[in-house]
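Peer 1: What follows is a single structure, and I will ask about it in a moment.
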Amino acid sequence: MLERFSSFSRARTLLPGTAPSGLSSAGAGEADVFLGPALGAVLKQIETDPRLEIVATHHVGARSGAFVPWPDHLDPRLVAALEATGRARAYAHQANALEAISSGKDVVLATSTSSGKSIAFQVPLLHAAMTEPSTRALLLFPTKALARDQVESLRALAGVVGAGASGSGPLGVATYDGDTPPDQRRAARLRAHAVATNPDMLHRGLLPNHERWSRFLAGLRFVVLDELHMYRGVFGSHVANVLRRLLRICAGYGARPCIVACSATIANPAQLARGLTGRDFVVVDRNAAPAGPRTYVAVNPGVVDALTGVRRDYLKVARTVTSHLRARQVPTLAFCRTRKAVELLTRYLREDEIRQSSGSRAAPPAARARADRLIRGYRGGYLPDHRREIERALRAGEAQVVASTCALELGMDIGGLDAVVLAGYPGSVAATLQRAGRAGRREDPSLVVMVLSSRPLDQFVANAPQFLFERAPEQARVDPDNPEILVPHLRCAAYERPLEAGEPFPGVDPAELAPVLQYLADQGRLFRDKAPGGTVRYLALGPAFPAGDVDLRGPIEENFAVVETRLGEVADGRILAEVDFEDGPLYLHPGAIYPLEGVTYEVRELDWEGRKAYVRRVDAAYYTEAVCKVRVRIVDPIAVHDDDPQDPASVAHGLGYAQVVRAVPGFKKLRFSTHENIGFGPVSLPDLELHTVAAHWTLPAIALQGLADPDRRAEAALAAAHALRHVAALVLMCDTHDLSQAVASDPHGKGGGGGWAPVLAGHGRVSEEARLAAGAVPCIYLYDRHPGGAGLASAAHEMGVSLVDRALSAVAGCRCRDGCPTCLGPAAAGDRAGRRADTALVLSALRDGLA
Amino acid sequence: MSLLARLAAGRRGDPSPVSPAAVGPRFEHRETVWEPHRPASDLGVWMGHGVPLPLPPGERASAIAARIQGDADPRPIVVLDCETTGLTRGQVVPFVVGVARAEPGRGWCVHQWILRSPEGEVAMLRDLAHRMATLGSYRLLTYNGSSFDLPVLRSRGIRCGVSMPFLEGPHLDALIVARRLWRLGLPNCRLTTLERHWLGLRRVGDIPSHEIPSVFEAWLADANSESEARLGAVSDHNCADLLALGALLGPIERGLADPETPAEALGAGRHFLAVHRPAPAVVCLEAAMDAADASPEVVRAAGLLLAQQFRRRRDWVAAERVWRRLVRRFPGDPDVHEGLAKHLEHRRGSPQEALYVARTSRHPCPRRVARLERKARRVRRDGAPR
């Protein structure tokens, strides 16, 4: 038995100029070892294309699987069903997980995509239900779509088991989410062995009504947490508290379920699982599924203008690369960073297909239909049925190339593909690994091509590709003890059942909890009661429903529905897609072109209150892009420190309730294929407002003197803000996306002093105006992304000097040459020397001023 | 940093602690004795002319309840009703809870608990549970209690950590019986409708039910004379509900023992079936079916139940007679034809006639018709049914 486990860090890396001896070069002759004839030919095309630069090639050798027989203790009918579904033997990692689960341990599986993680929890679940029919299992998925997918696969396996035995399957599987009708909810409560739900529903539907679920909870043997890595940051901390409540209520019914968690590639699966549940986990992360050799190629678009260094558009290059694969009929998944890019790529690839098959641009209907069938788009916003249909087409091999957003990155079962194209660096090592993991079927070779864009982060990867292959994937962090999160959940828990003083609350030390409960009772947020036996208990009483006030993911606004108008036709009023509330103004303003799998629609009218956009099918030669402006102001200061305005070293800083506004003043029309700007239109829609808490620090005069050029100032302030945000996220155990950074001009040192300040944020295109304005007297803002704040900005402000000090050492201690995206953020791009020194100057001025 | 330190650090802006002394009485307990001859209008809820409530004395009340439920358990009854902050079952607070029972020689004794602060709920439920425990053994009488009052109190018991074993004893939900008896005869089965129809009482000045949920929160927000008066109105309403329910035991018993109309007879039959007393059920159903003034709806429902009853006791002759009557009276009715066709096919073994009955239904069942056609052909060929 050949056992060789490889991962990025141990893989053979081939970087131009740095190839160590003993490793093969990325020569064409070598490619055949790693790639089949079709992929080899495509790679050769890419290598010889003068419009492309290959910046790195990286090979990961084949891995033969490690197989073992299914454990003896499993029910023979179950083993027979597994054999009948093509799983004659278990992968070694599945067997390890089964063994740990059967001995009652909590397990976290952190192997790559399509390594059979689901089987590792489905099998023990089925086995338990067959041996003890009162066994119950709760399956938690971050989204409804994932739950549905897993329910189908579990039902299918249970059906095979049941077919071998008697009539119906041994396992009743039910979904319990917002879409479940009342009679099915009742059935789920009373009869289902396994209930698939999401944390929100557990928080609001199940736990507050736990007495109705008493039978289910009393029999609960398994809790499955799928896509564990999604539960991080503020959302993860909320989920951790929901799980604490679940485990507590279960204990009340005499159940102690075993927890099985599945995670994508992250650096710390066991730590995250422990943070979420307070239990110690057995980690299973040695993937024993066989895999073919995989080749990674990072491509930079060629330079168009040698003088300015402008490169070709990355999407056009992604089109070229994907079209090479398409022409050779290689099943390919093209991951784009935005929904718009998905639509553009789908359209372009279909055009290429039609041109190739019919030899002209004027498409005969047959060629068009063929292209529509072979090339698909996939993104959030498509209706569920539409998405299911595309997934099915992918599995069945009808769809050959699918352009997708990260929506296909998660656990949806779509089978394996031969090639993955990444249009743009996905933004993190973990996401890159996750998306690349979609390539490769059984032992066949696979190819991953990453096309880098002109974004600073991408160009950093182009300059230092080892960043990608050597760095460990990101960590996922949670802080369930954040008071802003813990306290509301304590009230929910007390509502569900009185919290007794000294009662263990899973994951919290009772000695720590007791004074907190006492404090909350003193504040009137909990009610203290002395039971007849003398035990002190804490309750949440009154008509208010505590869980109703707690949103796990921030308040949820109703989506926009995209409605087609076709007067006088049956299809009139058909709903085409959904758009998230926040994205509505960007994609559905009147005059916008809304593309949907290659078909273009023009938005005629946006009914803001009714959350509907009426669109009409048009044959547009252009697409639209909304212009977006962000402003921030402190509405109500909580604390302002401006000790000595005359002292050039003194730093004005503070904390306050802030309002962040995103406006969409207009949109641009861009021609398909060339992406040239052919017009502009105004938009008048309500602004989106975020009311939150922001910490702010104004650069002291001494720093302004040190950096005379406003442009450099703004850039250094932005880089400092980036460093502060990332360090704060690290220290506060939250996700970097839970905090936002901004730089705006603040001459008065009061966080904008009640006036609006246009924001220079670390992402998107920023106007020169905003940059110049912010460069005058830059003020750094850190604010909570969650409405109302989640205690992160205030904690960051509280940390003060120590936060700035840590940010400074992160910047100074980074191993990069002169600032990299890790230490300075996207602003670190560009070729100006001394960026790191500028940032360090800003940070040390802040530190000295605060000390 | 300890949890408490973190919590305190983030909450400097919080209001100062509430002192326990500032909290007034948490709940109020009221006891009212309702003497047998007291006029109903005394309560201020009913319009009246000095008519007393026909409340049955204790032993009679328990005997009626035992008869209604078809058992011989003579335990006394306790009427229970609560007013809550919402009408959905989950997440509501009962802010007025009332129980009433007949006390020998004293008339009916009403106990009411009125909540005076959200925190008072625990003490209130504890007091309620304690008092109920001292009453010994009894049967609960409620109106819609099985799907509202009892689940609400159970859920609140869990929330407040107070065990309330009294909820799990014998229970008579009068709404269920009333629905069986009078669904067809009255416009609806609301308690006030029943009062008006059977007790001749009309409510005036009573607080409308849909206004009750908001009363407690309004009182909490601002305890002035007006909100206090409305809280008082809710407690009077609660008291009226309890007494009316006790007084309705008489009409319910009368309806079951001596139905006045065919619809009532059908309802009584339904009720006896539900409490597993087929003998009186058959008497009532036959009366409903045979009555000259019975509406077609009543005849059809009574006939179908009756035939089903005869079928269960394998009295095929009686069952066939009922089905044939029904087919004559309701030609083409699918349920009626199905019953007779099944009987003819499986019991009588005459597929040809069964085929005719099945075919003449308004919605003939294709599978039955096909099967009967096969059987009928076989009978013609072989001369004898198989």
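Here, A, B, ... name the chains of the structure tokens in the order displayed, residue numbers run from 1 inside each chain, and ligands are numbered from 1 in the same displayed order.
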Name all residues at most 8 Å from range 692-709 of chain A (count only C-alpha atoms; drop same-chain ones fewer than 6 positions away) and give them as a VMD selection string.
Peer 2: chain A and resid 634 648 to 660 746 749 751 777 to 789 791 793 to 794 796 to 797 838 841 to 842 845 to 846 849
Peer 1: Distance table requested - chain B against chain A, cut-off 7 Å, only C-alpha atoms: one row per qualifying residue with the closest atom pair and its distance in Å to one decimal, ordered by chain and rising residue number, as a tab-separated table.
Peer 2:
```
residue	atom	partner	partner_atom	distance
B:Ser2	CA	A:Glu512	CA	6.9
B:Leu3	CA	A:Glu512	CA	6.1
B:Leu4	CA	A:Val516	CA	5.3
B:Arg6	CA	A:Pro483	CA	6.8
B:Leu7	CA	A:Pro483	CA	5.3
B:Ser16	CA	A:Gln523	CA	6.8
B:Pro17	CA	A:Gln523	CA	4.7
B:Val18	CA	A:Gly524	CA	6.2
B:Thr85	CA	A:Pro543	CA	6.8
B:Gln91	CA	A:Phe545	CA	6.4
B:Val92	CA	A:Pro543	CA	5.9
B:Val93	CA	A:Pro543	CA	5.7
B:Pro118	CA	A:Gly542	CA	4.5
B:Glu119	CA	A:Leu541	CA	6.1
B:Ile158	CA	A:Arg497	CA	6.3
B:Arg159	CA	A:Arg497	CA	4.9
B:Cys160	CA	A:Pro498	CA	6.2
B:Gly161	CA	A:Pro498	CA	6.1
```
Peer 1: Take the residues that were just selected and, keeping N, CA, C and O atoms, output them as a tab-separated table (two decimals), in the first residue's frame.
Peer 2:
```tsv
chain	number	residue	atom	x	y	z
B	2	SER	N	-10.91	38.77	33.06
B	2	SER	CA	-12.04	37.92	33.43
B	2	SER	C	-13.28	38.38	32.68
B	2	SER	O	-13.37	39.49	32.17
B	3	LEU	N	-14.24	37.48	32.64
B	3	LEU	CA	-15.47	37.74	31.91
B	3	LEU	C	-16.16	38.99	32.46
B	3	LEU	O	-16.64	39.84	31.72
B	4	LEU	N	-16.16	39.10	33.79
B	4	LEU	CA	-16.85	40.23	34.42
B	4	LEU	C	-16.16	41.54	34.07
B	4	LEU	O	-16.81	42.54	33.77
B	6	ARG	N	-14.41	42.18	31.41
B	6	ARG	CA	-14.70	42.51	30.02
B	6	ARG	C	-16.08	43.11	29.90
B	6	ARG	O	-16.31	44.05	29.15
B	7	LEU	N	-17.02	42.52	30.63
B	7	LEU	CA	-18.40	42.99	30.57
B	7	LEU	C	-18.50	44.41	31.10
B	7	LEU	O	-19.08	45.29	30.47
B	16	SER	N	-27.70	52.94	36.24
B	16	SER	CA	-27.29	52.41	37.53
B	16	SER	C	-28.22	51.28	37.95
B	16	SER	O	-29.36	51.21	37.49
B	17	PRO	N	-27.74	50.41	38.83
B	17	PRO	CA	-28.53	49.23	39.20
B	17	PRO	C	-29.90	49.60	39.75
B	17	PRO	O	-30.08	50.65	40.37
B	18	VAL	N	-30.85	48.73	39.50
B	18	VAL	CA	-32.20	48.93	40.01
B	18	VAL	C	-32.22	48.36	41.42
B	18	VAL	O	-31.79	47.24	41.64
B	85	THR	N	-50.64	37.55	27.07
B	85	THR	CA	-50.18	38.69	26.28
B	85	THR	C	-50.15	38.40	24.79
B	85	THR	O	-49.59	39.16	24.02
B	91	GLN	N	-44.24	31.95	23.47
B	91	GLN	CA	-43.77	33.28	23.82
B	91	GLN	C	-44.86	34.24	24.30
B	91	GLN	O	-44.92	35.38	23.89
B	92	VAL	N	-45.79	33.74	25.11
B	92	VAL	CA	-46.77	34.64	25.71
B	92	VAL	C	-46.70	34.48	27.22
B	92	VAL	O	-46.24	33.46	27.73
B	93	VAL	N	-47.13	35.52	27.93
B	93	VAL	CA	-47.13	35.47	29.39
B	93	VAL	C	-48.58	35.46	29.86
B	93	VAL	O	-49.36	36.32	29.45
B	118	PRO	N	-43.37	41.72	35.47
B	118	PRO	CA	-42.93	40.54	34.73
B	118	PRO	C	-42.22	39.55	35.63
B	118	PRO	O	-42.34	38.34	35.47
B	119	GLU	N	-41.46	40.09	36.62
B	119	GLU	CA	-40.70	39.19	37.50
B	119	GLU	C	-41.62	38.40	38.42
B	119	GLU	O	-41.21	37.40	38.99
B	158	ILE	N	-41.86	25.62	32.55
B	158	ILE	CA	-40.47	25.29	32.21
B	158	ILE	C	-39.62	26.56	32.23
B	158	ILE	O	-38.53	26.59	32.80
B	159	ARG	N	-40.13	27.63	31.62
B	159	ARG	CA	-39.38	28.89	31.56
B	159	ARG	C	-39.06	29.40	32.97
B	159	ARG	O	-38.02	30.00	33.19
B	160	CYS	N	-40.03	29.24	33.90
B	160	CYS	CA	-39.85	29.80	35.23
B	160	CYS	C	-39.31	28.78	36.21
B	160	CYS	O	-39.12	29.10	37.38
B	161	GLY	N	-39.09	27.57	35.75
B	161	GLY	CA	-38.56	26.55	36.64
B	161	GLY	C	-39.52	26.19	37.76
B	161	GLY	O	-39.09	25.90	38.86
```
Peer 1: When you count only C-alpha atoms, which of these residues is closest to Val603 in chain A: A:Ala807, A:Ala110, A:Ile101, A:Leu588?
Peer 2: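 Closest to Val603 in chain A of all the choices is A:Leu588.
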Peer 1: What's the 10 Å shell around Arg387 in chain A, counting only C-alpha atoms, without same-chain residues fewer than 5 positions away, as a ChimeraX atom specification?
Peer 2: /A:145,377-382,392-393,407-408
Peer 1: Kindly save the residues from that selection, with all heavy atoms included, as an mmCIF file, in the first residue's frame.
Peer 2:
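So selection20.cif came out as:
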```cif
data_model
loop_
_atom_site.group_PDB
_atom_site.id
_atom_site.type_symbol
_atom_site.label_atom_id
_atom_site.label_comp_id
_atom_site.auth_asym_id
_atom_site.auth_seq_id
_atom_site.Cartn_x
_atom_site.Cartn_y
_atom_site.Cartn_z
ATOM 1 N N ALA A 145 -29.393 26.161 1.255
ATOM 2 C CA ALA A 145 -29.090 25.408 0.041
ATOM 3 C C ALA A 145 -28.210 24.198 0.358
ATOM 4 O O ALA A 145 -28.425 23.094 -0.139
ATOM 5 C CB ALA A 145 -28.398 26.314 -0.973
ATOM 6 N N GLY A 377 -23.345 29.593 -16.529
ATOM 7 C CA GLY A 377 -22.916 30.494 -15.462
ATOM 8 C C GLY A 377 -23.550 30.003 -14.169
ATOM 9 O O GLY A 377 -24.572 29.316 -14.193
ATOM 10 N N TYR A 378 -22.956 30.344 -13.053
ATOM 11 C CA TYR A 378 -23.502 29.913 -11.761
ATOM 12 C C TYR A 378 -23.081 30.939 -10.736
ATOM 13 O O TYR A 378 -21.904 31.253 -10.595
ATOM 14 C CB TYR A 378 -22.926 28.538 -11.391
ATOM 15 C CG TYR A 378 -23.504 27.915 -10.143
ATOM 16 C CD1 TYR A 378 -24.489 26.941 -10.235
ATOM 17 C CD2 TYR A 378 -23.062 28.285 -8.877
ATOM 18 C CE1 TYR A 378 -25.020 26.354 -9.098
ATOM 19 C CE2 TYR A 378 -23.593 27.711 -7.738
ATOM 20 C CZ TYR A 378 -24.566 26.738 -7.859
ATOM 21 O OH TYR A 378 -25.089 26.160 -6.727
ATOM 22 N N ARG A 379 -24.058 31.481 -10.029
ATOM 23 C CA ARG A 379 -23.726 32.462 -8.991
ATOM 24 C C ARG A 379 -24.901 32.586 -8.045
ATOM 25 O O ARG A 379 -26.005 32.114 -8.342
ATOM 26 C CB ARG A 379 -23.417 33.821 -9.620
ATOM 27 C CG ARG A 379 -24.580 34.407 -10.413
ATOM 28 C CD ARG A 379 -24.235 35.784 -10.923
ATOM 29 N NE ARG A 379 -25.225 36.312 -11.810
ATOM 30 C CZ ARG A 379 -26.333 36.952 -11.444
ATOM 31 N NH1 ARG A 379 -26.598 37.099 -10.169
ATOM 32 N NH2 ARG A 379 -27.184 37.418 -12.327
ATOM 33 N N GLY A 380 -24.653 33.210 -6.899
ATOM 34 C CA GLY A 380 -25.737 33.520 -5.986
ATOM 35 C C GLY A 380 -26.691 34.448 -6.701
ATOM 36 O O GLY A 380 -26.280 35.226 -7.557
ATOM 37 N N GLY A 381 -27.964 34.362 -6.407
ATOM 38 C CA GLY A 381 -28.939 35.210 -7.085
ATOM 39 C C GLY A 381 -29.757 34.419 -8.086
ATOM 40 O O GLY A 381 -30.910 34.751 -8.317
ATOM 41 N N TYR A 382 -29.175 33.354 -8.654
ATOM 42 C CA TYR A 382 -29.982 32.485 -9.507
ATOM 43 C C TYR A 382 -31.009 31.810 -8.602
ATOM 44 O O TYR A 382 -30.729 31.525 -7.439
ATOM 45 C CB TYR A 382 -29.129 31.400 -10.164
ATOM 46 C CG TYR A 382 -28.253 31.880 -11.303
ATOM 47 C CD1 TYR A 382 -28.169 33.226 -11.632
ATOM 48 C CD2 TYR A 382 -27.510 30.971 -12.048
ATOM 49 C CE1 TYR A 382 -27.361 33.650 -12.659
ATOM 50 C CE2 TYR A 382 -26.698 31.392 -13.083
ATOM 51 C CZ TYR A 382 -26.619 32.735 -13.388
ATOM 52 O OH TYR A 382 -25.824 33.155 -14.406
ATOM 53 N N ARG A 392 -26.904 19.729 -11.606
ATOM 54 C CA ARG A 392 -27.190 18.424 -12.189
ATOM 55 C C ARG A 392 -26.489 18.277 -13.540
ATOM 56 O O ARG A 392 -25.880 17.265 -13.837
ATOM 57 C CB ARG A 392 -28.711 18.263 -12.368
ATOM 58 C CG ARG A 392 -29.160 16.887 -12.774
ATOM 59 C CD ARG A 392 -30.502 16.929 -13.480
ATOM 60 N NE ARG A 392 -30.522 17.870 -14.600
ATOM 61 C CZ ARG A 392 -29.960 17.661 -15.773
ATOM 62 N NH1 ARG A 392 -29.328 16.534 -16.011
ATOM 63 N NH2 ARG A 392 -29.986 18.585 -16.724
ATOM 64 N N ALA A 393 -26.537 19.359 -14.356
ATOM 65 C CA ALA A 393 -25.896 19.321 -15.669
ATOM 66 C C ALA A 393 -24.393 19.100 -15.523
ATOM 67 O O ALA A 393 -23.778 18.396 -16.325
ATOM 68 C CB ALA A 393 -26.186 20.614 -16.420
ATOM 69 N N ALA A 407 -19.878 30.705 -4.988
ATOM 70 C CA ALA A 407 -21.064 29.920 -4.645
ATOM 71 C C ALA A 407 -20.832 28.422 -4.834
ATOM 72 O O ALA A 407 -21.435 27.611 -4.147
ATOM 73 C CB ALA A 407 -22.255 30.372 -5.483
ATOM 74 N N LEU A 408 -19.961 28.048 -5.762
ATOM 75 C CA LEU A 408 -19.701 26.612 -5.981
ATOM 76 C C LEU A 408 -18.508 26.123 -5.168
ATOM 77 O O LEU A 408 -18.083 24.988 -5.310
ATOM 78 C CB LEU A 408 -19.438 26.341 -7.464
ATOM 79 C CG LEU A 408 -20.646 25.908 -8.293
ATOM 80 C CD1 LEU A 408 -20.230 25.593 -9.713
ATOM 81 C CD2 LEU A 408 -21.335 24.699 -7.679
#
```
Peer 1: Would you compute the distance between CA of Gln122 in chain A and CA of Ala95 in chain A? Give it in Å to one decimal.
Peer 2: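 These atoms are spaced 12.6 Å apart.
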Peer 1: Give the answer as one residue: which of B:Phe310, B:Trp46, B:Trp34, B:Trp113 has the shortest atom-to-atom distance to Arg203 in chain B, using only C-alpha atoms?
Peer 2: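 Among B:Phe310, B:Trp46, B:Trp34, B:Trp113, it is B:Trp46 that comes nearest to Arg203 in chain B.
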Peer 1: With only C-alpha atoms as the counted atoms, please give the residues lying no more than 7 Å from Pro710 in chain A, apart from itself and same-chain residues fewer than 3 positions off, as a PDB file with N, CA, C and O atoms, in the first residue's frame.
Peer 2:
```
ATOM      1  N   ARG A 713       0.849  60.489   2.267  1.00  0.00           N
ATOM      2  CA  ARG A 713       0.196  60.486   3.574  1.00  0.00           C
ATOM      3  C   ARG A 713      -1.021  59.567   3.564  1.00  0.00           C
ATOM      4  O   ARG A 713      -1.190  58.726   4.437  1.00  0.00           O
ATOM      5  N   ALA A 714      -1.864  59.801   2.548  1.00  0.00           N
ATOM      6  CA  ALA A 714      -3.095  59.026   2.470  1.00  0.00           C
ATOM      7  C   ALA A 714      -2.769  57.548   2.363  1.00  0.00           C
ATOM      8  O   ALA A 714      -3.382  56.694   3.019  1.00  0.00           O
ATOM      9  N   LEU A 772      -7.011  62.964  -2.308  1.00  0.00           N
ATOM     10  CA  LEU A 772      -6.406  64.250  -1.964  1.00  0.00           C
ATOM     11  C   LEU A 772      -7.015  64.809  -0.691  1.00  0.00           C
ATOM     12  O   LEU A 772      -6.319  65.304   0.191  1.00  0.00           O
ATOM     13  N   GLY A 775      -5.870  63.014   2.284  1.00  0.00           N
ATOM     14  CA  GLY A 775      -4.442  63.216   2.543  1.00  0.00           C
ATOM     15  C   GLY A 775      -4.147  64.478   3.334  1.00  0.00           C
ATOM     16  O   GLY A 775      -3.043  64.647   3.838  1.00  0.00           O
ATOM     17  N   ALA A 776      -5.132  65.400   3.436  1.00  0.00           N
ATOM     18  CA  ALA A 776      -4.866  66.655   4.132  1.00  0.00           C
ATOM     19  C   ALA A 776      -4.493  66.386   5.592  1.00  0.00           C
ATOM     20  O   ALA A 776      -3.353  66.577   5.989  1.00  0.00           O
TER      21      ALA A 776
END
```
Peer 1: Quick one, how far is CA of Val630 in chain A from CA of Val550 in chain A?
Peer 2: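 CA of Val550 in chain A lies at a distance of 27.2 Å from CA of Val630 in chain A.
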Peer 1: Could you list, as a PDB file with all heavy atoms, in the first residue's frame, every residue within 10 Å of Gly105 in chain B, counting only C-alpha atoms and ignoring same-chain residues fewer than 5 positions away?
Peer 2:
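Final output, saved to out-v5.pdb:
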```pdb
ATOM      1  N   GLU B  35     -72.304  33.157  45.248  1.00  0.00           N
ATOM      2  CA  GLU B  35     -73.379  32.406  45.884  1.00  0.00           C
ATOM      3  C   GLU B  35     -74.384  31.948  44.830  1.00  0.00           C
ATOM      4  O   GLU B  35     -74.533  32.599  43.798  1.00  0.00           O
ATOM      5  CB  GLU B  35     -74.101  33.266  46.933  1.00  0.00           C
ATOM      6  CG  GLU B  35     -73.253  33.692  48.107  1.00  0.00           C
ATOM      7  CD  GLU B  35     -72.435  34.952  47.795  1.00  0.00           C
ATOM      8  OE1 GLU B  35     -72.707  35.595  46.765  1.00  0.00           O
ATOM      9  OE2 GLU B  35     -71.521  35.267  48.584  1.00  0.00           O
ATOM     10  N   PRO B  36     -75.111  30.853  45.125  1.00  0.00           N
ATOM     11  CA  PRO B  36     -75.975  30.240  44.109  1.00  0.00           C
ATOM     12  C   PRO B  36     -77.025  31.182  43.533  1.00  0.00           C
ATOM     13  O   PRO B  36     -77.342  31.085  42.362  1.00  0.00           O
ATOM     14  CB  PRO B  36     -76.631  29.081  44.862  1.00  0.00           C
ATOM     15  CG  PRO B  36     -75.746  28.791  46.010  1.00  0.00           C
ATOM     16  CD  PRO B  36     -75.068  30.065  46.365  1.00  0.00           C
ATOM     17  N   PRO B  57     -74.523  22.714  41.468  1.00  0.00           N
ATOM     18  CA  PRO B  57     -73.764  22.491  42.696  1.00  0.00           C
ATOM     19  C   PRO B  57     -72.673  21.455  42.467  1.00  0.00           C
ATOM     20  O   PRO B  57     -72.696  20.721  41.472  1.00  0.00           O
ATOM     21  CB  PRO B  57     -74.807  21.975  43.677  1.00  0.00           C
ATOM     22  CG  PRO B  57     -76.057  21.770  42.928  1.00  0.00           C
ATOM     23  CD  PRO B  57     -75.905  22.255  41.550  1.00  0.00           C
ATOM     24  N   GLY B  58     -71.713  21.435  43.390  1.00  0.00           N
ATOM     25  CA  GLY B  58     -70.490  20.662  43.213  1.00  0.00           C
ATOM     26  C   GLY B  58     -70.649  19.228  42.782  1.00  0.00           C
ATOM     27  O   GLY B  58     -70.120  18.818  41.752  1.00  0.00           O
TER      28      GLY B  58
END
```
Peer 1: Do you have the CA of Phe460 in chain A-CA of Gly813 in chain A distance handy?
Peer 2: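 The value is 18.1 Å.
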Peer 1: Out of B:Ser155, B:Gln309, B:Thr88, B:Ser147, which residue has the shortest atom-to-atom distance to Pro278 in chain B when counting only C-alpha atoms?
Peer 2: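 Looking at the shortest contact to Pro278 in chain B, the residue is B:Gln309.
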Peer 1: Enumerate the residues of range 164-240 of chain A with a DSSP assignment of alpha helix (DSSP H), computed from the backbone, and present them as a ChimeraX atom specification.
Peer 2: /A:164,182-190,199-201,214-218,233-240
Peer 1: Range 182-186 of chain B: which residues within 7 Å, counting only C-alpha atoms, same-chain residues fewer than 5 positions away excluded, as a ChimeraX atom specification?
Peer 2: /B:263-264,267
Peer 1: Point out the residue among A:Met201, A:Val55, A:Cys406, A:Ile575 with the least atom-to-atom distance to Gln459 in chain A, counting only C-alpha atoms.
Peer 2: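 Smallest distance to Gln459 in chain A is found for A:Val55.
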Peer 1: Using only C-alpha atoms, which of the listed residues (A:Ala851, A:Ala790, A:Val224, A:Leu345) sits closest to Pro488 in chain A?
Peer 2: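 Of A:Ala851, A:Ala790, A:Val224, A:Leu345, the one nearest Pro488 in chain A, counting only C-alpha atoms, is A:Ala790.
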Peer 1: Contacts of Val327 in chain B at 9 Å or less, counting only C-alpha atoms, minus same-chain residues fewer than 6 places along, as a list in words?
Peer 2: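 In the requested form, the answer reads Asp333, Val336, His337, Leu340 and Val357 of chain B.
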Peer 1: Could you save those same residues with C-alpha atoms as a short mmCIF file (atom, residue, chain, number, x, y, z; two decimals), in the first residue's frame?
Peer 2:
```cif
data_model
loop_
_atom_site.label_atom_id
_atom_site.label_comp_id
_atom_site.auth_asym_id
_atom_site.auth_seq_id
_atom_site.Cartn_x
_atom_site.Cartn_y
_atom_site.Cartn_z
CA ASP B 333 -72.56 10.90 -3.85
CA VAL B 336 -72.10 6.92 -0.15
CA HIS B 337 -71.61 4.95 -3.37
CA LEU B 340 -72.24 0.48 -0.66
CA VAL B 357 -73.22 1.28 -7.82
#
```
Peer 1: Show me a table, sorted first by chain and then by increasing residue number, of the residues of range 188-231 of chain B having an atom at most 9 Å from range 248-261 of chain B, each with its shortest atom pair and the distance in Å to one decimal, counting only C-alpha atoms and written as JSON lines.
Peer 2:
```
{"residue": "B:Leu194", "atom": "CA", "partner": "B:Leu248", "partner_atom": "CA", "distance": 7.9}
{"residue": "B:Glu195", "atom": "CA", "partner": "B:Leu248", "partner_atom": "CA", "distance": 7.5}
{"residue": "B:Trp198", "atom": "CA", "partner": "B:Pro251", "partner_atom": "CA", "distance": 6.5}
{"residue": "B:Leu199", "atom": "CA", "partner": "B:Leu248", "partner_atom": "CA", "distance": 7.5}
```
Peer 1: Where does DSSP see strand (DSSP E) in range 159-372 of chain B, if you list the residues as a PyMOL selection string?
Peer 2: chain B and resi 171-173+202-203
